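Shown below: upload.pdb, with PDB, C-alpha atoms, pLDDT in the B column.
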```
ATOM      1  CA  MET S   1      28.068  22.752  17.992  1.00 43.00           C
ATOM      2  CA  LYS S   2      27.200  19.057  17.967  1.00 46.00           C
ATOM      3  CA  LYS S   3      24.379  19.732  20.382  1.00 49.00           C
ATOM      4  CA  LEU S   4      22.966  22.414  18.078  1.00 44.00           C
ATOM      5  CA  LEU S   5      23.211  20.066  15.095  1.00 45.00           C
ATOM      6  CA  LEU S   6      21.430  17.336  17.025  1.00 45.00           C
ATOM      7  CA  ILE S   7      18.665  19.756  18.021  1.00 47.00           C
ATOM      8  CA  ALA S   8      18.277  20.850  14.386  1.00 48.00           C
ATOM      9  CA  VAL S   9      18.176  17.269  13.124  1.00 47.00           C
ATOM     10  CA  PHE S  10      15.754  16.307  15.876  1.00 47.00           C
ATOM     11  CA  ALA S  11      13.498  19.207  14.906  1.00 52.00           C
ATOM     12  CA  LEU S  12      13.563  18.094  11.267  1.00 49.00           C
ATOM     13  CA  ALA S  13      12.805  14.524  12.297  1.00 49.00           C
ATOM     14  CA  LEU S  14       9.845  15.777  14.300  1.00 47.00           C
ATOM     15  CA  GLY S  15       8.675  17.693  11.237  1.00 50.00           C
ATOM     16  CA  VAL S  16       8.835  14.598   9.030  1.00 47.00           C
ATOM     17  CA  THR S  17       7.076  12.553  11.693  1.00 49.00           C
ATOM     18  CA  ALA S  18       4.375  15.199  12.133  1.00 46.00           C
ATOM     19  CA  LYS S  19       3.709  15.131   8.378  1.00 50.00           C
ATOM     20  CA  ALA S  20       3.589  11.328   8.480  1.00 46.00           C
ATOM     21  CA  GLN S  21       1.281  11.512  11.485  1.00 46.00           C
ATOM     22  CA  ASP S  22      -1.167  13.605   9.454  1.00 45.00           C
ATOM     23  CA  GLU S  23      -1.390  10.657   7.057  1.00 58.00           C
ATOM     24  CA  ASN S  24      -0.870   8.028   9.760  1.00 71.00           C
ATOM     25  CA  VAL S  25      -2.179   4.560   8.929  1.00 79.00           C
ATOM     26  CA  THR S  26      -4.325   3.729  11.942  1.00 83.00           C
ATOM     27  CA  GLU S  27      -6.618   1.240  10.216  1.00 89.00           C
ATOM     28  CA  ASN S  28      -5.817  -1.580   7.849  1.00 92.00           C
ATOM     29  CA  PRO S  29      -6.368  -0.153   4.326  1.00 91.00           C
ATOM     30  CA  ALA S  30      -7.172  -3.669   3.078  1.00 91.00           C
ATOM     31  CA  GLU S  31     -10.202  -4.012   5.355  1.00 87.00           C
ATOM     32  CA  VAL S  32     -13.518  -3.162   3.693  1.00 73.00           C
ATOM     33  CA  SER S  33     -16.175  -1.849   6.085  1.00 66.00           C
ATOM     34  CA  ASP S  34     -19.120  -2.201   3.689  1.00 64.00           C
ATOM     35  CA  THR S  35     -20.036  -5.884   3.833  1.00 57.00           C
ATOM     36  CA  LYS S  36     -23.474  -5.757   2.174  1.00 74.00           C
ATOM     37  CA  THR S  37     -24.112  -8.126  -0.709  1.00 86.00           C
ATOM     38  CA  MET S  38     -24.111  -6.194  -3.985  1.00 91.00           C
ATOM     39  CA  SER S  39     -25.813  -7.024  -7.256  1.00 93.00           C
ATOM     40  CA  LEU S  40     -23.823  -7.477 -10.456  1.00 94.00           C
ATOM     41  CA  ASP S  41     -24.821  -3.960 -11.533  1.00 95.00           C
ATOM     42  CA  GLU S  42     -23.643  -2.513  -8.212  1.00 95.00           C
ATOM     43  CA  LEU S  43     -20.374  -4.424  -8.462  1.00 95.00           C
ATOM     44  CA  LYS S  44     -19.871  -3.141 -11.998  1.00 95.00           C
ATOM     45  CA  ALA S  45     -20.464   0.435 -10.810  1.00 96.00           C
ATOM     46  CA  GLN S  46     -17.985  -0.064  -7.974  1.00 95.00           C
ATOM     47  CA  ARG S  47     -15.349  -1.338 -10.409  1.00 96.00           C
ATOM     48  CA  ALA S  48     -15.901   1.733 -12.578  1.00 96.00           C
ATOM     49  CA  THR S  49     -15.284   3.962  -9.551  1.00 96.00           C
ATOM     50  CA  LEU S  50     -12.131   2.051  -8.651  1.00 96.00           C
ATOM     51  CA  LEU S  51     -10.856   2.204 -12.227  1.00 96.00           C
ATOM     52  CA  ALA S  52     -11.426   5.961 -12.304  1.00 96.00           C
ATOM     53  CA  LEU S  53      -9.442   6.261  -9.071  1.00 94.00           C
ATOM     54  CA  SER S  54      -6.559   4.206 -10.467  1.00 93.00           C
ATOM     55  CA  LYS S  55      -6.332   6.526 -13.478  1.00 93.00           C
ATOM     56  CA  SER S  56      -6.502   9.744 -11.471  1.00 95.00           C
ATOM     57  CA  GLU S  57      -3.542  12.114 -11.498  1.00 95.00           C
ATOM     58  CA  GLU S  58      -3.039  11.905  -7.728  1.00 92.00           C
ATOM     59  CA  PHE S  59      -3.018   8.102  -7.741  1.00 93.00           C
ATOM     60  CA  LEU S  60      -0.575   7.866 -10.645  1.00 93.00           C
ATOM     61  CA  GLU S  61       1.711  10.521  -9.146  1.00 92.00           C
ATOM     62  CA  LYS S  62       2.027   8.562  -5.910  1.00 88.00           C
ATOM     63  CA  LEU S  63       2.797   5.367  -7.825  1.00 89.00           C
ATOM     64  CA  ALA S  64       5.446   7.118  -9.900  1.00 91.00           C
ATOM     65  CA  LYS S  65       6.963   8.630  -6.772  1.00 89.00           C
ATOM     66  CA  VAL S  66       7.179   5.358  -4.881  1.00 88.00           C
ATOM     67  CA  ASP S  67       8.626   3.571  -7.916  1.00 90.00           C
ATOM     68  CA  LYS S  68      11.503   6.061  -7.939  1.00 91.00           C
ATOM     69  CA  LEU S  69      12.289   5.645  -4.256  1.00 91.00           C
ATOM     70  CA  GLN S  70      15.660   4.162  -3.399  1.00 92.00           C
ATOM     71  CA  ALA S  71      16.057   2.626   0.033  1.00 92.00           C
ATOM     72  CA  PRO S  72      18.773   4.534   1.933  1.00 93.00           C
ATOM     73  CA  LYS S  73      21.738   2.887   3.601  1.00 92.00           C
ATOM     74  CA  GLU S  74      21.453   1.719   7.188  1.00 93.00           C
ATOM     75  CA  THR S  75      21.760   4.405   9.819  1.00 92.00           C
ATOM     76  CA  GLY S  76      22.796   2.190  12.705  1.00 92.00           C
ATOM     77  CA  ILE S  77      19.560   3.082  14.493  1.00 92.00           C
ATOM     78  CA  GLY S  78      17.942  -0.302  14.960  1.00 92.00           C
ATOM     79  CA  GLY S  79      14.266   0.636  14.967  1.00 93.00           C
ATOM     80  CA  LEU S  80      14.601   3.011  12.046  1.00 93.00           C
ATOM     81  CA  ASP S  81      16.570   0.546   9.927  1.00 95.00           C
ATOM     82  CA  ALA S  82      13.936  -2.107  10.620  1.00 96.00           C
ATOM     83  CA  LEU S  83      11.201   0.243   9.402  1.00 95.00           C
ATOM     84  CA  THR S  84      13.222   1.079   6.287  1.00 96.00           C
ATOM     85  CA  SER S  85      13.582  -2.638   5.535  1.00 96.00           C
ATOM     86  CA  MET S  86       9.862  -3.207   6.050  1.00 96.00           C
ATOM     87  CA  ALA S  87       8.979  -0.309   3.731  1.00 96.00           C
ATOM     88  CA  ALA S  88      11.318  -1.659   1.047  1.00 96.00           C
ATOM     89  CA  LYS S  89       9.861  -5.156   1.434  1.00 96.00           C
ATOM     90  CA  LEU S  90       6.269  -3.916   1.099  1.00 95.00           C
ATOM     91  CA  ILE S  91       7.140  -1.805  -1.947  1.00 95.00           C
ATOM     92  CA  GLU S  92       8.736  -4.775  -3.726  1.00 94.00           C
ATOM     93  CA  GLN S  93       5.855  -7.033  -2.750  1.00 93.00           C
ATOM     94  CA  MET S  94       3.387  -4.535  -4.173  1.00 92.00           C
ATOM     95  CA  LYS S  95       5.327  -4.167  -7.416  1.00 90.00           C
ATOM     96  CA  THR S  96       5.376  -7.928  -7.981  1.00 90.00           C
ATOM     97  CA  THR S  97       1.593  -8.181  -7.579  1.00 89.00           C
ATOM     98  CA  ARG S  98       0.628  -5.321  -9.913  1.00 88.00           C
ATOM     99  CA  GLY S  99       0.233  -7.676 -12.848  1.00 87.00           C
ATOM    100  CA  SER S 100      -2.194  -9.892 -10.930  1.00 91.00           C
ATOM    101  CA  ILE S 101      -5.087  -7.436 -10.750  1.00 93.00           C
ATOM    102  CA  PRO S 102      -5.389  -6.865 -14.551  1.00 93.00           C
ATOM    103  CA  GLN S 103      -5.084 -10.612 -15.160  1.00 93.00           C
ATOM    104  CA  PHE S 104      -7.764 -11.514 -12.622  1.00 94.00           C
ATOM    105  CA  TYR S 105      -9.953  -8.620 -13.756  1.00 96.00           C
ATOM    106  CA  ALA S 106      -9.905  -9.905 -17.344  1.00 95.00           C
ATOM    107  CA  SER S 107     -10.573 -13.472 -16.261  1.00 94.00           C
ATOM    108  CA  VAL S 108     -13.603 -12.569 -14.131  1.00 95.00           C
ATOM    109  CA  THR S 109     -15.190  -9.822 -16.273  1.00 95.00           C
ATOM    110  CA  GLY S 110     -14.109 -10.866 -19.780  1.00 93.00           C
ATOM    111  CA  GLN S 111     -12.735  -7.369 -20.352  1.00 94.00           C
ATOM    112  CA  THR S 112      -9.422  -5.626 -19.938  1.00 93.00           C
ATOM    113  CA  MET S 113      -9.216  -2.769 -17.460  1.00 93.00           C
ATOM    114  CA  ASP S 114      -9.408  -0.416 -20.456  1.00 91.00           C
ATOM    115  CA  GLY S 115     -12.795  -1.863 -21.408  1.00 90.00           C
ATOM    116  CA  SER S 116     -11.701  -3.934 -24.425  1.00 93.00           C
ATOM    117  CA  PRO S 117     -12.710  -7.582 -24.862  1.00 92.00           C
ATOM    118  CA  ALA S 118     -10.136  -9.798 -23.145  1.00 90.00           C
ATOM    119  CA  THR S 119      -8.397 -12.409 -25.284  1.00 88.00           C
ATOM    120  CA  ASN S 120      -6.233 -15.400 -24.347  1.00 85.00           C
ATOM    121  CA  VAL S 121      -7.479 -15.199 -20.770  1.00 86.00           C
ATOM    122  CA  THR S 122      -6.269 -17.818 -18.319  1.00 85.00           C
ATOM    123  CA  PRO S 123      -9.144 -19.023 -16.125  1.00 87.00           C
ATOM    124  CA  ILE S 124      -8.602 -18.442 -12.436  1.00 86.00           C
ATOM    125  CA  GLN S 125      -9.752 -20.338  -9.389  1.00 88.00           C
ATOM    126  CA  PRO S 126     -11.637 -18.585  -6.561  1.00 89.00           C
ATOM    127  CA  ASP S 127      -8.928 -19.581  -4.086  1.00 93.00           C
ATOM    128  CA  GLN S 128      -6.385 -17.593  -6.116  1.00 94.00           C
ATOM    129  CA  LEU S 129      -8.398 -14.425  -5.581  1.00 93.00           C
ATOM    130  CA  ILE S 130      -8.901 -15.225  -1.906  1.00 94.00           C
ATOM    131  CA  ALA S 131      -5.146 -15.793  -1.457  1.00 95.00           C
ATOM    132  CA  LEU S 132      -4.430 -12.411  -3.061  1.00 94.00           C
ATOM    133  CA  SER S 133      -6.987 -10.720  -0.819  1.00 94.00           C
ATOM    134  CA  LYS S 134      -5.421 -12.290   2.280  1.00 94.00           C
ATOM    135  CA  MET S 135      -1.983 -11.114   1.156  1.00 95.00           C
ATOM    136  CA  PHE S 136      -3.214  -7.501   0.978  1.00 96.00           C
ATOM    137  CA  VAL S 137      -4.723  -7.823   4.462  1.00 95.00           C
ATOM    138  CA  THR S 138      -1.358  -9.034   5.795  1.00 96.00           C
ATOM    139  CA  MET S 139       0.420  -6.155   4.071  1.00 96.00           C
ATOM    140  CA  GLY S 140      -2.071  -3.770   5.661  1.00 96.00           C
ATOM    141  CA  VAL S 141      -1.373  -5.229   9.109  1.00 96.00           C
ATOM    142  CA  ASP S 142       2.365  -4.684   8.600  1.00 96.00           C
ATOM    143  CA  LEU S 143       1.735  -1.142   7.387  1.00 96.00           C
ATOM    144  CA  VAL S 144      -0.393  -0.192  10.409  1.00 95.00           C
ATOM    145  CA  LYS S 145       2.156  -1.648  12.835  1.00 94.00           C
ATOM    146  CA  SER S 146       5.068   0.107  11.116  1.00 94.00           C
ATOM    147  CA  SER S 147       3.183   3.399  10.899  1.00 91.00           C
ATOM    148  CA  LYS S 148       2.642   3.360  14.667  1.00 91.00           C
ATOM    149  CA  GLU S 149       6.322   2.624  15.246  1.00 91.00           C
ATOM    150  CA  LEU S 150       7.366   5.523  13.004  1.00 89.00           C
ATOM    151  CA  ILE S 151       5.796   8.009  15.422  1.00 86.00           C
ATOM    152  CA  THR S 152       8.220   6.912  18.156  1.00 85.00           C
ATOM    153  CA  MET S 153      11.337   7.306  16.012  1.00 86.00           C
ATOM    154  CA  PRO S 154      12.329  10.906  16.944  1.00 81.00           C
ATOM    155  CA  GLY S 155      13.094   9.762  20.490  1.00 81.00           C
ATOM    156  CA  GLU S 156      15.314   6.949  19.224  1.00 84.00           C
ATOM    157  CA  ILE S 157      17.004   9.297  16.760  1.00 82.00           C
ATOM    158  CA  LYS S 158      17.714  11.884  19.464  1.00 78.00           C
ATOM    159  CA  SER S 159      19.539   9.325  21.596  1.00 80.00           C
ATOM    160  CA  ALA S 160      21.596   7.988  18.670  1.00 77.00           C
ATOM    161  CA  GLY S 161      24.057  10.868  18.323  1.00 76.00           C
ATOM    162  CA  VAL S 162      24.628  13.517  15.688  1.00 76.00           C
ATOM    163  CA  MET S 163      26.147  11.408  12.873  1.00 79.00           C
ATOM    164  CA  LYS S 164      23.475   8.724  12.982  1.00 83.00           C
ATOM    165  CA  ALA S 165      20.763  11.321  13.421  1.00 81.00           C
ATOM    166  CA  MET S 166      21.804  13.131  10.250  1.00 79.00           C
ATOM    167  CA  LYS S 167      21.615   9.874   8.293  1.00 84.00           C
ATOM    168  CA  ALA S 168      18.206   9.234   9.815  1.00 87.00           C
ATOM    169  CA  LEU S 169      16.533  12.120   7.984  1.00 86.00           C
ATOM    170  CA  LYS S 170      16.803  10.401   4.610  1.00 88.00           C
ATOM    171  CA  SER S 171      15.394   7.193   6.079  1.00 91.00           C
ATOM    172  CA  MET S 172      12.504   9.041   7.717  1.00 89.00           C
ATOM    173  CA  ALA S 173      11.586  10.726   4.431  1.00 89.00           C
ATOM    174  CA  TYR S 174      11.846   7.410   2.549  1.00 93.00           C
ATOM    175  CA  ILE S 175       9.595   5.593   5.010  1.00 93.00           C
ATOM    176  CA  LYS S 176       7.028   8.392   5.084  1.00 89.00           C
ATOM    177  CA  ASN S 177       6.763   8.558   1.279  1.00 90.00           C
ATOM    178  CA  ALA S 178       6.600   4.767   1.033  1.00 93.00           C
ATOM    179  CA  PHE S 179       3.823   4.464   3.601  1.00 93.00           C
ATOM    180  CA  VAL S 180       1.656   7.142   1.967  1.00 90.00           C
ATOM    181  CA  ALA S 181       1.827   5.394  -1.425  1.00 91.00           C
ATOM    182  CA  LEU S 182       1.426   1.908   0.047  1.00 93.00           C
ATOM    183  CA  LYS S 183      -1.705   2.915   1.950  1.00 93.00           C
ATOM    184  CA  GLN S 184      -3.272   4.093  -1.303  1.00 92.00           C
ATOM    185  CA  GLU S 185      -2.272   1.098  -3.407  1.00 94.00           C
ATOM    186  CA  ILE S 186      -3.108  -1.549  -0.804  1.00 95.00           C
ATOM    187  CA  SER S 187      -6.569  -0.014  -0.367  1.00 94.00           C
ATOM    188  CA  TYR S 188      -7.229   0.067  -4.115  1.00 95.00           C
ATOM    189  CA  ASN S 189      -5.952  -3.457  -4.768  1.00 95.00           C
ATOM    190  CA  ALA S 190      -7.837  -4.913  -1.808  1.00 95.00           C
ATOM    191  CA  LYS S 191     -11.134  -3.310  -2.850  1.00 95.00           C
ATOM    192  CA  MET S 192     -10.727  -4.400  -6.468  1.00 96.00           C
ATOM    193  CA  THR S 193      -9.810  -7.949  -5.446  1.00 95.00           C
ATOM    194  CA  GLN S 194     -12.786  -8.227  -3.109  1.00 94.00           C
ATOM    195  CA  ASN S 195     -15.036  -6.871  -5.858  1.00 95.00           C
ATOM    196  CA  LEU S 196     -13.745  -9.543  -8.236  1.00 95.00           C
ATOM    197  CA  ILE S 197     -14.318 -12.243  -5.611  1.00 94.00           C
ATOM    198  CA  ALA S 198     -17.931 -11.075  -5.172  1.00 94.00           C
ATOM    199  CA  THR S 199     -18.434 -10.729  -8.933  1.00 95.00           C
ATOM    200  CA  ASN S 200     -17.085 -14.220  -9.559  1.00 93.00           C
ATOM    201  CA  LYS S 201     -19.455 -15.643  -6.936  1.00 92.00           C
ATOM    202  CA  ALA S 202     -22.449 -13.751  -8.328  1.00 91.00           C
ATOM    203  CA  MET S 203     -21.763 -14.889 -11.893  1.00 89.00           C
ATOM    204  CA  ASN S 204     -20.948 -18.524 -11.127  1.00 83.00           C
ATOM    205  CA  GLY S 205     -22.710 -19.221  -7.875  1.00 71.00           C
ATOM    206  CA  ASP S 206     -21.101 -19.533  -4.455  1.00 55.00           C
ATOM    207  CA  LYS S 207     -19.553 -23.015  -4.589  1.00 50.00           C
ATOM    208  CA  SER S 208     -18.942 -22.916  -0.846  1.00 43.00           C
ATOM    209  CA  LYS S 209     -22.690 -23.240  -0.197  1.00 42.00           C
TER     210      LYS S 209
END
```

Would you write the structure of this file as structure tokens?
Amino acid sequence: MKKLLLIAVFALALGVTAKAQDENVTENPAEVSDTKTMSLDELKAQRATLLALSKSEEFLEKLAKVDKLQAPKETGIGGLDALTSMAAKLIEQMKTTRGSIPQFYASVTGQTMDGSPATNVTPIQPDQLIALSKMFVTMGVDLVKSSKELITMPGEIKSAGVMKAMKALKSMAYIKNAFVALKQEISYNAKMTQNLIATNKAMNGDKSK
């Protein structure tokens, strides 16, 4: 009976992993491949595209879903518990930085993200934007590494025994849902931050030159 339960749980774990593999994070979502220098008009158009994305139903649904996630208790499976902890850490880190993008957006563009004139804006320094961009890159590195490790989890779950394996299903689902939402939000935040860095340089001159 225990063997049958383990096989069933293992099959479910494989199913969760297969779904996660379809959305596997193989490249850092914070890395931007297009490195060409854009004009202020092009940067403005890019921001409009990013803003439209952030207001889309799919984007908002993923944010709402990840905000409701509750990290499950430890399973006793070392690798899986480590991935759960990493997912929880990245989610909290992302939540604490959500207020930064609107603040920096208003400071650089003089407008709120809704298009209204920004008031009582605190000036920002270029190095603040660069630090935020680097943070998203680091988060992306952690996400890629963890996503690769998730694929190997069914083997570790299978060798853990029935009781631990049954607990593992909740952790697998939590991690998978977290990673999908994090990939989306890290990509959006990184692109918007890099746009604001480029916009700030274009408007004020590149002080590093």

**Message:** When you count only C-alpha atoms, which of these residues is closest to Ile124 of chain S: S:Tyr174, S:Phe179, S:Tyr105, S:Phe59?
**Reply:**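 Going through S:Tyr174, S:Phe179, S:Tyr105, S:Phe59 one by one, the smallest distance to Ile124 of chain S is for S:Tyr105.
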
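Atom CA of Val137 of chain S to atom CA of Gly115 of chain S spans 27.7 Å [interatomic distance, one decimal].
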
**Pick from S:Val25, S:Leu50, S:Leu132, S:Val180, whichever lies nearest to Ile91 of chain S using all atoms listed in the file** =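 Once distances to Ile91 of chain S are computed over all atoms listed in the file, the minimum belongs to S:Val180.
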
**Complete:** Using only C-alpha atoms, the shortest atom-to-atom distance to Gly110 of chain S among S:Gln93, S:Thr122, S:Ser56, S:Thr138 belongs to S:Thr122

**Asked** Leaving out Leu43 of chain S and any residue of its chain fewer than 2 positions from it, which residues lie within 10 Å of it when counting all atoms listed in the file, given as a PyMOL selection string?
**Response** chain S and resi 37-41+45-49+192+195-196+198-199+202

Selection export as a JSON list (two decimals), keeping the file's coordinate frame, atoms kept: C-alpha atoms:
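So the final result, stored in part.json, reads:
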```json
[["chain", "number", "residue", "atom", "x", "y", "z"],
["S", 37, "THR", "CA", -24.11, -8.13, -0.71],
["S", 38, "MET", "CA", -24.11, -6.19, -3.98],
["S", 39, "SER", "CA", -25.81, -7.02, -7.26],
["S", 40, "LEU", "CA", -23.82, -7.48, -10.46],
["S", 41, "ASP", "CA", -24.82, -3.96, -11.53],
["S", 45, "ALA", "CA", -20.46, 0.44, -10.81],
["S", 46, "GLN", "CA", -17.98, -0.06, -7.97],
["S", 47, "ARG", "CA", -15.35, -1.34, -10.41],
["S", 48, "ALA", "CA", -15.90, 1.73, -12.58],
["S", 49, "THR", "CA", -15.28, 3.96, -9.55],
["S", 192, "MET", "CA", -10.73, -4.40, -6.47],
["S", 195, "ASN", "CA", -15.04, -6.87, -5.86],
["S", 196, "LEU", "CA", -13.74, -9.54, -8.24],
["S", 198, "ALA", "CA", -17.93, -11.08, -5.17],
["S", 199, "THR", "CA", -18.43, -10.73, -8.93],
["S", 202, "ALA", "CA", -22.45, -13.75, -8.33]]
```

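The residues returned by the PyMOL selection byres ((chain S and resi 83) around 8) for this structure are S:Gly79, S:Leu80, S:Asp81, S:Ala82, S:Thr84, S:Ser85, S:Met86, S:Ala87, S:Ser146, S:Glu149, S:Leu150, S:Ile175.
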
Keeping only C-alpha atoms, write the selected residues as a compact mmCIF listing (two decimals), in the coordinates of the input.
```txt
# COMPACT_ATOMS: atom_id res chain seq x y z
CA GLY S 79 14.27 0.64 14.97
CA LEU S 80 14.60 3.01 12.05
CA ASP S 81 16.57 0.55 9.93
CA ALA S 82 13.94 -2.11 10.62
CA THR S 84 13.22 1.08 6.29
CA SER S 85 13.58 -2.64 5.54
CA MET S 86 9.86 -3.21 6.05
CA ALA S 87 8.98 -0.31 3.73
CA SER S 146 5.07 0.11 11.12
CA GLU S 149 6.32 2.62 15.25
CA LEU S 150 7.37 5.52 13.00
CA ILE S 175 9.60 5.59 5.01
```

**Item:** Å distance separating atom CA of Gln70 of chain S from atom CA of Glu31 of chain S, one decimal place
**Value:**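 We find that atom CA of Gln70 of chain S and atom CA of Glu31 of chain S lie 28.5 Å from each other.
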
**Request:** For the structure shown, which residues end up in the PyMOL selection byres ((chain S and resi 114) around 12)? Put them as a ChimeraX atom specification, please?
**Result:** /S:47-48,51-52,54-55,102,105-106,109-113,115-118

Please write the residues from the selection above to a file, keeping C-alpha atoms, as a PDB file, keeping the file's coordinate frame.
```
ATOM      1  CA  ARG S  47     -15.349  -1.338 -10.409  1.00 96.00           C
ATOM      2  CA  ALA S  48     -15.901   1.733 -12.578  1.00 96.00           C
ATOM      3  CA  LEU S  51     -10.856   2.204 -12.227  1.00 96.00           C
ATOM      4  CA  ALA S  52     -11.426   5.961 -12.304  1.00 96.00           C
ATOM      5  CA  SER S  54      -6.559   4.206 -10.467  1.00 93.00           C
ATOM      6  CA  LYS S  55      -6.332   6.526 -13.478  1.00 93.00           C
ATOM      7  CA  PRO S 102      -5.389  -6.865 -14.551  1.00 93.00           C
ATOM      8  CA  TYR S 105      -9.953  -8.620 -13.756  1.00 96.00           C
ATOM      9  CA  ALA S 106      -9.905  -9.905 -17.344  1.00 95.00           C
ATOM     10  CA  THR S 109     -15.190  -9.822 -16.273  1.00 95.00           C
ATOM     11  CA  GLY S 110     -14.109 -10.866 -19.780  1.00 93.00           C
ATOM     12  CA  GLN S 111     -12.735  -7.369 -20.352  1.00 94.00           C
ATOM     13  CA  THR S 112      -9.422  -5.626 -19.938  1.00 93.00           C
ATOM     14  CA  MET S 113      -9.216  -2.769 -17.460  1.00 93.00           C
ATOM     15  CA  GLY S 115     -12.795  -1.863 -21.408  1.00 90.00           C
ATOM     16  CA  SER S 116     -11.701  -3.934 -24.425  1.00 93.00           C
ATOM     17  CA  PRO S 117     -12.710  -7.582 -24.862  1.00 92.00           C
ATOM     18  CA  ALA S 118     -10.136  -9.798 -23.145  1.00 90.00           C
TER      19      ALA S 118
END
```

**Request:** Choose the residue, out of S:Pro72, S:Pro123, S:Gly78, S:Pro29, that has the smallest atom-to-atom separation from Phe136 of chain S; count only C-alpha atoms.
**Result:**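 That would be S:Pro29, the residue with the smallest distance to Phe136 of chain S.
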
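Atom CA of Lys89 of chain S sits 17.3 Å away from atom CA of Ala64 of chain S.
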
Compile the contact shell of Lys164 of chain S as a tab-separated table (two decimals) with C-alpha atoms, in the frame of the given file: residues with an atom at most 9 Å away, counting only C-alpha atoms, same-chain residues fewer than 6 positions apart removed.
```tsv
chain	number	residue	atom	x	y	z
S	75	THR	CA	21.76	4.40	9.82
S	76	GLY	CA	22.80	2.19	12.70
S	77	ILE	CA	19.56	3.08	14.49
S	157	ILE	CA	17.00	9.30	16.76
```

**Message:** Just checking: using all atoms listed in the file, which residue out of S:Gly140, S:Ser171, S:Asn189, S:Ala71 ends up closest to Lys95 of chain S?
**Reply:** S:Asn189

**Asked** Between S:Ala30, S:Ile197, S:Val66, S:Met172, which has the minimum distance to Met135 of chain S (counting all atoms listed in the file)?
**Response** S:Ala30
